[in-house]
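Asks: This is the structure, below, for whatever I ask next.
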Amino acid sequence: MTTTLDTPTRPARTRRRGERSPAAALLSHAALTVAALIALFPIVWLVFLSLGPDKDDYLHPDRILDKATFGNYSYVLQHTGFFDWLKSTLIVGLGTTVLGVAIAATTGYAVSRMRFPGYRKLMWILLLTQAFPIAVLIVPMYEIFGELGLIDSYLGLILVNCTTAVPYSAWLLKGYFDTIPFEIDEAGRVDGLTPFGTFARLILPLARPGLAVAAFYNFITAFGEVAFATTFMLDDSKYTFAVGLQSFVSEHDAQWNYMAATAVLIAVPVSAFFYLVQRNLVTGLTAGGTKG
Amino acid sequence: MTVAIDRATGKRRPAAPGGGGPRPGPLQRLRNGYHKYWYAYAMTAPVVIVLGGLIGYPLVRGVYLTLTDANSLNSARTIGVNHIDATYRFIGLDNYADILWGPTAYDRFWSHFIWTIVWTAVCVTLHYVIGLTLALLLNQKLRGRTVYRLLLVLPWAVPTFVTVFSWRVMLADSGLINSALGALSLPQPAWLEDTFFQRAAAIMVNTWCGVPFMLLSLLGGLQAVDASLYEAAEMDGANAWQRFRHVTLPGLRPVSSTVVLLGVIWTFNQFAIIFLLFGTSAPDAQILVNWAYYLGFGQQPRDFAQSAAYGVLLLSILAVFTSVYFRRLKRGDQLGTV
């Protein structure tokens, strides 16, 4: 089948396309195993450290095995702001999610279906805003929010997160709307729906997976945002997880054991949820770009 | 499809456009245009308004701030019940001049600038090469592919602000990594103190965090490459390297160009990793974003004007890079079309 010249002399060893020699397969397995261990290790290590009762246990990991306990977890749940942080994170995360998708949906549809004067400019702005470094907005926003009394408020942080969530959602939803056949719009139009009607009654229900990806992305963005949350949230009961986790490690005292337990508590649900949706996430991420 | 359908109204154009009839006058055309685009503008209005308020206005304020000498001592502030008005002055382009060629400009701007470029180039290259290697390995028939895939994506699944702390524990003096190096009788560098090793550590952590995204995107790209192209190449006697060079890489081009651009932008703007790894304690390992943050919020008195000026410079660098990148991409497409 292939053009390999040794096929006639060694017919028994002919391999089908896509199959590798045992040595090559072994090498692949070895490389992938090493990579997987590197990917896995820091997280396993965090889980392991979270079982050690003393804050210096990370220096003597061998001693943890003998005294492993879930004490850190009960301490974190009972004596730290864990549930306050959970509440803040959920408020900010869900607020960003809902607001971001709601604002961006019609725009995503418009730039997917219509060409209008200013179209290219709008697309360019949507793309460029994703490249905004935090440094360019954080100072003026600190000043403006100070004037408006939005420092140390959930709404302020939601608005900050919307600066990335809104353009990104619009971009991502455009990519998804592009995959919905244009004929559906036409059918709606023929039946007398306005573009708004077409969008609300026909396209939006079809675009649920795309909306879900955008929502998930917005949530993750708000969840993982470090710079603004660290700077704008002053009251430690309003910290999001990204700020709260830092509070275990100050210059004077580092409670690594509690930090590790909190980290595990945060990471488990998030990564579980991530695995449920990640296949869609990647498709969504690159779709907007390649079809631009 | 785009030819046959009027994208503004969504109606199918008549087969022979015009079909006779006189051309409408200018007023009529304006009215037609308004009717035609009314929906589009109404639909994009929310985003335009929100972006105008949340990005446009702060951007203008930010640019104005860069032309002043604002810092935390002369900005408007409220202490207790007393409100103090802002007293900063307009000083023109002095901030930019000072940043770019003022005294000690090398230590403040250019050293960070060079490190930022090196950081971006090294990280994105590592992301891409490692991501592509792993994607190629995963793209073959292999037992346990799914398991490998799930494990390799883990660094992306767990929030960065969590995993960076894990690295910080491991990289600490007499932490796990140095203990392991010591057990092998290798030198034990001060990862979190010495500038060179701080930088190496930052690149290592960022690479660890960034590979999964590249891996998944490129894996998706590989699976989209038409299998018959490989068969054709094999028929023509192409060896594995030639197939990779002339089928795989060109086939990956649309995905590659997107993820490399995203990778450059994200890495250039990567604030969280260096911030969480070193705090504000490592002045020489800070890339420009972190340095700008340090100027505005990590020191006393806070230098708002210079921090904002750094922000504007960063945005300009990225905007120039992005437009050059797109122009190159377009030119490449024209030349490279088969």
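Numbering starts fresh at 1 for the residues of each chain in the structure tokens, the chains themselves are lettered A, B, ... in the order given, and ligands are numbered from 1 as they appear.
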Excluding Tyr58 of chain A and any residue of its chain fewer than 5 positions from it, enumerate the residues within 10 Å of it, using only C-alpha atoms, and give them as a PyMOL selection string.

Replies: (chain A and resi 45-46+48-50+52+63-64+256-257) or (chain B and resi 169-170+172+174-176)

Asks: Go ahead and save the picked residues with C-alpha atoms, as a PDB file, in the first residue's frame.

Replies:
ATOM      1  CA  TRP A  45       1.517  18.414  45.592  1.00  0.00           C
ATOM      2  CA  LEU A  46      -0.997  21.048  46.644  1.00  0.00           C
ATOM      3  CA  PHE A  48      -0.716  16.581  49.600  1.00  0.00           C
ATOM      4  CA  LEU A  49       0.394  19.746  51.414  1.00  0.00           C
ATOM      5  CA  SER A  50      -3.170  20.528  52.385  1.00  0.00           C
ATOM      6  CA  GLY A  52      -0.128  18.658  56.668  1.00  0.00           C
ATOM      7  CA  ARG A  63       6.700  14.029  57.773  1.00  0.00           C
ATOM      8  CA  ILE A  64       3.202  14.796  56.460  1.00  0.00           C
ATOM      9  CA  TRP A 256       0.795  27.510  53.557  1.00  0.00           C
ATOM     10  CA  ASN A 257      -1.249  24.684  55.033  1.00  0.00           C
TER      11      ASN A 257
ATOM     12  CA  VAL B 169       5.764  26.521  47.572  1.00  0.00           C
ATOM     13  CA  MET B 170       7.763  24.182  45.382  1.00  0.00           C
ATOM     14  CA  ALA B 172      10.801  28.233  47.827  1.00  0.00           C
ATOM     15  CA  SER B 174      14.515  24.319  50.642  1.00  0.00           C
ATOM     16  CA  GLY B 175      11.197  23.700  48.899  1.00  0.00           C
ATOM     17  CA  LEU B 176      10.567  20.566  46.920  1.00  0.00           C
TER      18      LEU B 176
END

Asks: Taking only C-alpha atoms into account and nothing else, which residues of chain B lie no more than 7 Å away from chain A? Please answer as a PyMOL selection string.

Replies: chain B and resi 7-8+10-11+37+39-40+43-44+46-47+51+54-55+58-59+61-62+137+140-141+148+151-152+154-155+157-159+161-163+166-167+174-175+216-217+235+237+254-255+258+265+269+272+289+292-293+296+304+308+311-312+314-315

Asks: Could you pull out all residues of segment 55-192 of chain A with a DSSP call of helix (DSSP H, G or I) and give them as an mmCIF file with C-alpha atoms, in the first residue's frame?

Replies:
data_model
loop_
_atom_site.group_PDB
_atom_site.id
_atom_site.type_symbol
_atom_site.label_atom_id
_atom_site.label_comp_id
_atom_site.auth_asym_id
_atom_site.auth_seq_id
_atom_site.Cartn_x
_atom_site.Cartn_y
_atom_site.Cartn_z
ATOM 1 C CA ASP A 57 5.263 21.229 56.657
ATOM 2 C CA TYR A 58 6.079 22.132 53.081
ATOM 3 C CA LEU A 59 9.735 22.113 54.120
ATOM 4 C CA PRO A 61 6.988 16.867 53.206
ATOM 5 C CA ASP A 62 8.162 13.423 54.310
ATOM 6 C CA ARG A 63 6.700 14.029 57.773
ATOM 7 C CA ILE A 64 3.202 14.796 56.460
ATOM 8 C CA LEU A 65 2.387 11.167 55.777
ATOM 9 C CA ASP A 66 2.572 10.254 59.465
ATOM 10 C CA LYS A 67 0.322 13.032 60.665
ATOM 11 C CA GLY A 71 -7.853 19.629 60.070
ATOM 12 C CA ASN A 72 -6.854 22.368 57.655
ATOM 13 C CA TYR A 73 -10.110 21.963 55.795
ATOM 14 C CA SER A 74 -12.304 22.264 58.845
ATOM 15 C CA TYR A 75 -10.255 25.248 60.016
ATOM 16 C CA VAL A 76 -10.601 26.981 56.659
ATOM 17 C CA LEU A 77 -14.335 26.353 56.510
ATOM 18 C CA GLN A 78 -14.958 27.453 60.083
ATOM 19 C CA HIS A 79 -12.461 30.155 60.904
ATOM 20 C CA PHE A 82 -14.147 31.179 52.974
ATOM 21 C CA PHE A 83 -17.917 31.483 52.649
ATOM 22 C CA ASP A 84 -17.749 35.272 52.389
ATOM 23 C CA TRP A 85 -15.286 34.855 49.554
ATOM 24 C CA LEU A 86 -17.466 32.227 47.954
ATOM 25 C CA LYS A 87 -20.402 34.625 48.082
ATOM 26 C CA SER A 88 -18.369 37.500 46.610
ATOM 27 C CA THR A 89 -16.941 35.306 43.897
ATOM 28 C CA LEU A 90 -20.378 34.035 42.931
ATOM 29 C CA ILE A 91 -21.923 37.511 42.898
ATOM 30 C CA VAL A 92 -19.130 38.963 40.792
ATOM 31 C CA GLY A 93 -18.857 35.888 38.579
ATOM 32 C CA LEU A 94 -22.559 35.479 37.875
ATOM 33 C CA GLY A 95 -23.052 39.232 37.515
ATOM 34 C CA THR A 96 -20.334 39.387 34.884
ATOM 35 C CA THR A 97 -21.693 36.302 33.166
ATOM 36 C CA VAL A 98 -25.248 37.550 32.846
ATOM 37 C CA LEU A 99 -24.395 41.142 32.026
ATOM 38 C CA GLY A 100 -21.679 40.195 29.543
ATOM 39 C CA VAL A 101 -23.796 37.775 27.548
ATOM 40 C CA ALA A 102 -26.917 39.942 27.673
ATOM 41 C CA ILE A 103 -25.100 42.993 26.334
ATOM 42 C CA ALA A 104 -23.078 41.132 23.738
ATOM 43 C CA ALA A 105 -25.719 38.826 22.216
ATOM 44 C CA THR A 106 -27.436 41.208 19.801
ATOM 45 C CA THR A 107 -24.105 42.633 18.681
ATOM 46 C CA GLY A 108 -22.727 39.185 17.994
ATOM 47 C CA TYR A 109 -25.763 38.544 15.831
ATOM 48 C CA ALA A 110 -25.532 41.873 14.037
ATOM 49 C CA VAL A 111 -21.859 41.456 13.113
ATOM 50 C CA SER A 112 -22.481 37.876 12.050
ATOM 51 C CA ARG A 113 -25.417 38.636 9.737
ATOM 52 C CA TYR A 119 -18.587 47.208 10.575
ATOM 53 C CA ARG A 120 -14.841 46.814 10.171
ATOM 54 C CA LYS A 121 -14.169 49.459 12.799
ATOM 55 C CA LEU A 122 -16.413 47.706 15.280
ATOM 56 C CA MET A 123 -14.752 44.343 14.672
ATOM 57 C CA TRP A 124 -11.359 45.952 15.073
ATOM 58 C CA ILE A 125 -12.419 47.521 18.379
ATOM 59 C CA LEU A 126 -13.820 44.224 19.625
ATOM 60 C CA LEU A 127 -10.514 42.567 18.826
ATOM 61 C CA LEU A 128 -8.317 45.317 20.183
ATOM 62 C CA THR A 129 -10.145 45.579 23.510
ATOM 63 C CA ILE A 134 -4.744 45.992 32.683
ATOM 64 C CA ALA A 135 -2.239 48.799 33.195
ATOM 65 C CA VAL A 136 -3.973 51.088 30.734
ATOM 66 C CA LEU A 137 -7.357 51.071 32.487
ATOM 67 C CA ILE A 138 -6.614 50.386 36.122
ATOM 68 C CA VAL A 139 -5.445 53.886 37.067
ATOM 69 C CA PRO A 140 -8.220 55.929 35.432
ATOM 70 C CA MET A 141 -10.821 53.402 36.590
ATOM 71 C CA TYR A 142 -9.522 53.672 40.122
ATOM 72 C CA GLU A 143 -10.029 57.417 39.907
ATOM 73 C CA ILE A 144 -13.441 57.293 38.217
ATOM 74 C CA PHE A 145 -14.742 54.565 40.506
ATOM 75 C CA GLY A 146 -13.472 56.541 43.468
ATOM 76 C CA GLU A 147 -15.595 59.484 42.341
ATOM 77 C CA LEU A 148 -18.628 57.266 41.784
ATOM 78 C CA TYR A 154 -19.449 44.267 43.720
ATOM 79 C CA LEU A 155 -20.962 46.363 40.953
ATOM 80 C CA GLY A 156 -17.630 48.079 40.373
ATOM 81 C CA LEU A 157 -15.817 44.790 39.959
ATOM 82 C CA ILE A 158 -18.558 43.441 37.674
ATOM 83 C CA LEU A 159 -18.232 46.517 35.465
ATOM 84 C CA VAL A 160 -14.460 46.108 35.362
ATOM 85 C CA ASN A 161 -14.815 42.483 34.321
ATOM 86 C CA CYS A 162 -17.291 43.511 31.629
ATOM 87 C CA THR A 163 -14.534 45.428 29.853
ATOM 88 C CA THR A 164 -13.102 42.078 28.787
ATOM 89 C CA ALA A 165 -16.223 39.926 29.001
ATOM 90 C CA VAL A 166 -18.425 42.026 26.702
ATOM 91 C CA PRO A 167 -16.146 42.328 23.661
ATOM 92 C CA TYR A 168 -14.988 38.757 24.037
ATOM 93 C CA SER A 169 -18.538 37.428 24.257
ATOM 94 C CA ALA A 170 -19.539 39.431 21.192
ATOM 95 C CA TRP A 171 -16.576 38.014 19.286
ATOM 96 C CA LEU A 172 -17.237 34.491 20.415
ATOM 97 C CA LEU A 173 -20.972 34.660 19.744
ATOM 98 C CA LYS A 174 -20.314 36.014 16.270
ATOM 99 C CA GLY A 175 -18.318 32.869 15.595
ATOM 100 C CA TYR A 176 -21.167 30.735 16.834
ATOM 101 C CA PHE A 177 -23.887 32.627 14.943
ATOM 102 C CA ASP A 178 -21.812 32.205 11.796
ATOM 103 C CA PHE A 182 -28.457 31.849 6.945
ATOM 104 C CA GLU A 183 -31.509 30.137 5.456
ATOM 105 C CA ILE A 184 -33.118 30.090 8.904
ATOM 106 C CA ASP A 185 -33.024 33.870 8.997
ATOM 107 C CA GLU A 186 -34.451 34.011 5.517
ATOM 108 C CA ALA A 187 -37.305 31.727 6.470
ATOM 109 C CA GLY A 188 -38.091 33.949 9.418
ATOM 110 C CA ARG A 189 -37.967 37.047 7.276
ATOM 111 C CA VAL A 190 -40.229 35.499 4.670
#

Asks: Would you mind listing what lies within 8 Å of segment 66-72 of chain B as a list in words, with only C-alpha atoms counted and same-chain residues fewer than 4 positions away left out?

Replies: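 My reading of the contact set: Gly62, Tyr88, Arg89, Phe90, Ile91, Gly92, Leu93, Asp94, Asn95, Tyr96, Gln300, Pro301, Arg302, Asp303, Phe304, Ala305, Gln306, Ala308 and Ala309 of chain B.
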
Asks: Take the residues just selected and output them with N, CA and C atoms as a compact mmCIF listing (two decimals), in the first residue's frame.

Replies:
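In the end it all went to out.txt:
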# COMPACT_ATOMS: atom_id res chain seq x y z
N GLY B 62 -7.46 58.31 31.19
CA GLY B 62 -6.12 57.79 31.40
C GLY B 62 -5.10 58.56 30.60
N TYR B 88 -3.35 68.21 41.00
CA TYR B 88 -2.27 67.93 40.05
C TYR B 88 -2.33 68.87 38.84
N ARG B 89 -1.16 69.04 38.22
CA ARG B 89 -1.03 70.03 37.15
C ARG B 89 -0.83 69.33 35.81
N PHE B 90 -1.13 70.07 34.76
CA PHE B 90 -0.87 69.61 33.41
C PHE B 90 0.61 69.82 33.10
N ILE B 91 1.31 68.77 32.69
CA ILE B 91 2.73 68.95 32.41
C ILE B 91 3.10 68.48 31.01
N GLY B 92 2.10 68.30 30.14
CA GLY B 92 2.40 67.93 28.75
C GLY B 92 2.98 66.54 28.65
N LEU B 93 3.93 66.39 27.75
CA LEU B 93 4.46 65.06 27.47
C LEU B 93 5.65 64.69 28.36
N ASP B 94 5.84 65.42 29.44
CA ASP B 94 7.01 65.17 30.28
C ASP B 94 7.11 63.73 30.78
N ASN B 95 5.94 63.14 31.10
CA ASN B 95 5.99 61.76 31.61
C ASN B 95 6.58 60.81 30.58
N TYR B 96 6.13 60.96 29.33
CA TYR B 96 6.64 60.07 28.29
C TYR B 96 8.12 60.31 28.07
N GLN B 300 4.62 53.75 47.68
CA GLN B 300 4.11 54.99 48.27
C GLN B 300 5.11 56.10 48.02
N PRO B 301 4.72 57.29 47.56
CA PRO B 301 3.37 57.59 47.08
C PRO B 301 3.12 56.92 45.73
N ARG B 302 1.85 56.67 45.46
CA ARG B 302 1.50 56.03 44.20
C ARG B 302 1.65 57.02 43.06
N ASP B 303 2.33 56.59 42.02
CA ASP B 303 2.55 57.49 40.88
C ASP B 303 1.54 57.16 39.78
N PHE B 304 0.36 57.78 39.86
CA PHE B 304 -0.71 57.44 38.92
C PHE B 304 -0.35 57.83 37.49
N ALA B 305 0.25 59.02 37.34
CA ALA B 305 0.50 59.52 35.99
C ALA B 305 1.46 58.62 35.23
N GLN B 306 2.59 58.25 35.88
CA GLN B 306 3.56 57.41 35.19
C GLN B 306 2.98 56.02 34.93
N ALA B 308 -0.12 55.24 34.37
CA ALA B 308 -1.02 55.33 33.22
C ALA B 308 -0.23 55.49 31.93
N ALA B 309 0.88 56.24 32.00
CA ALA B 309 1.71 56.43 30.80
C ALA B 309 2.29 55.09 30.34

Asks: Counting only C-alpha atoms, which residue out of B:Gln188, B:Gln198, B:Thr87, B:Asn139 sits closest to Gly279 of chain B?

Replies: B:Gln198

Asks: Check segment 26-214 of chain B with DSSP on the backbone and list each residue it calls strand (DSSP E or B), as a count of residues only.

Replies: 8

Asks: Rounded to one decimal, what separation in Å do you get between atom CA of Phe70 of chain A and atom CA of Leu51 of chain A?

Replies: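 Result for atom CA of Phe70 of chain A versus atom CA of Leu51 of chain A: 5.8 Å, one decimal.
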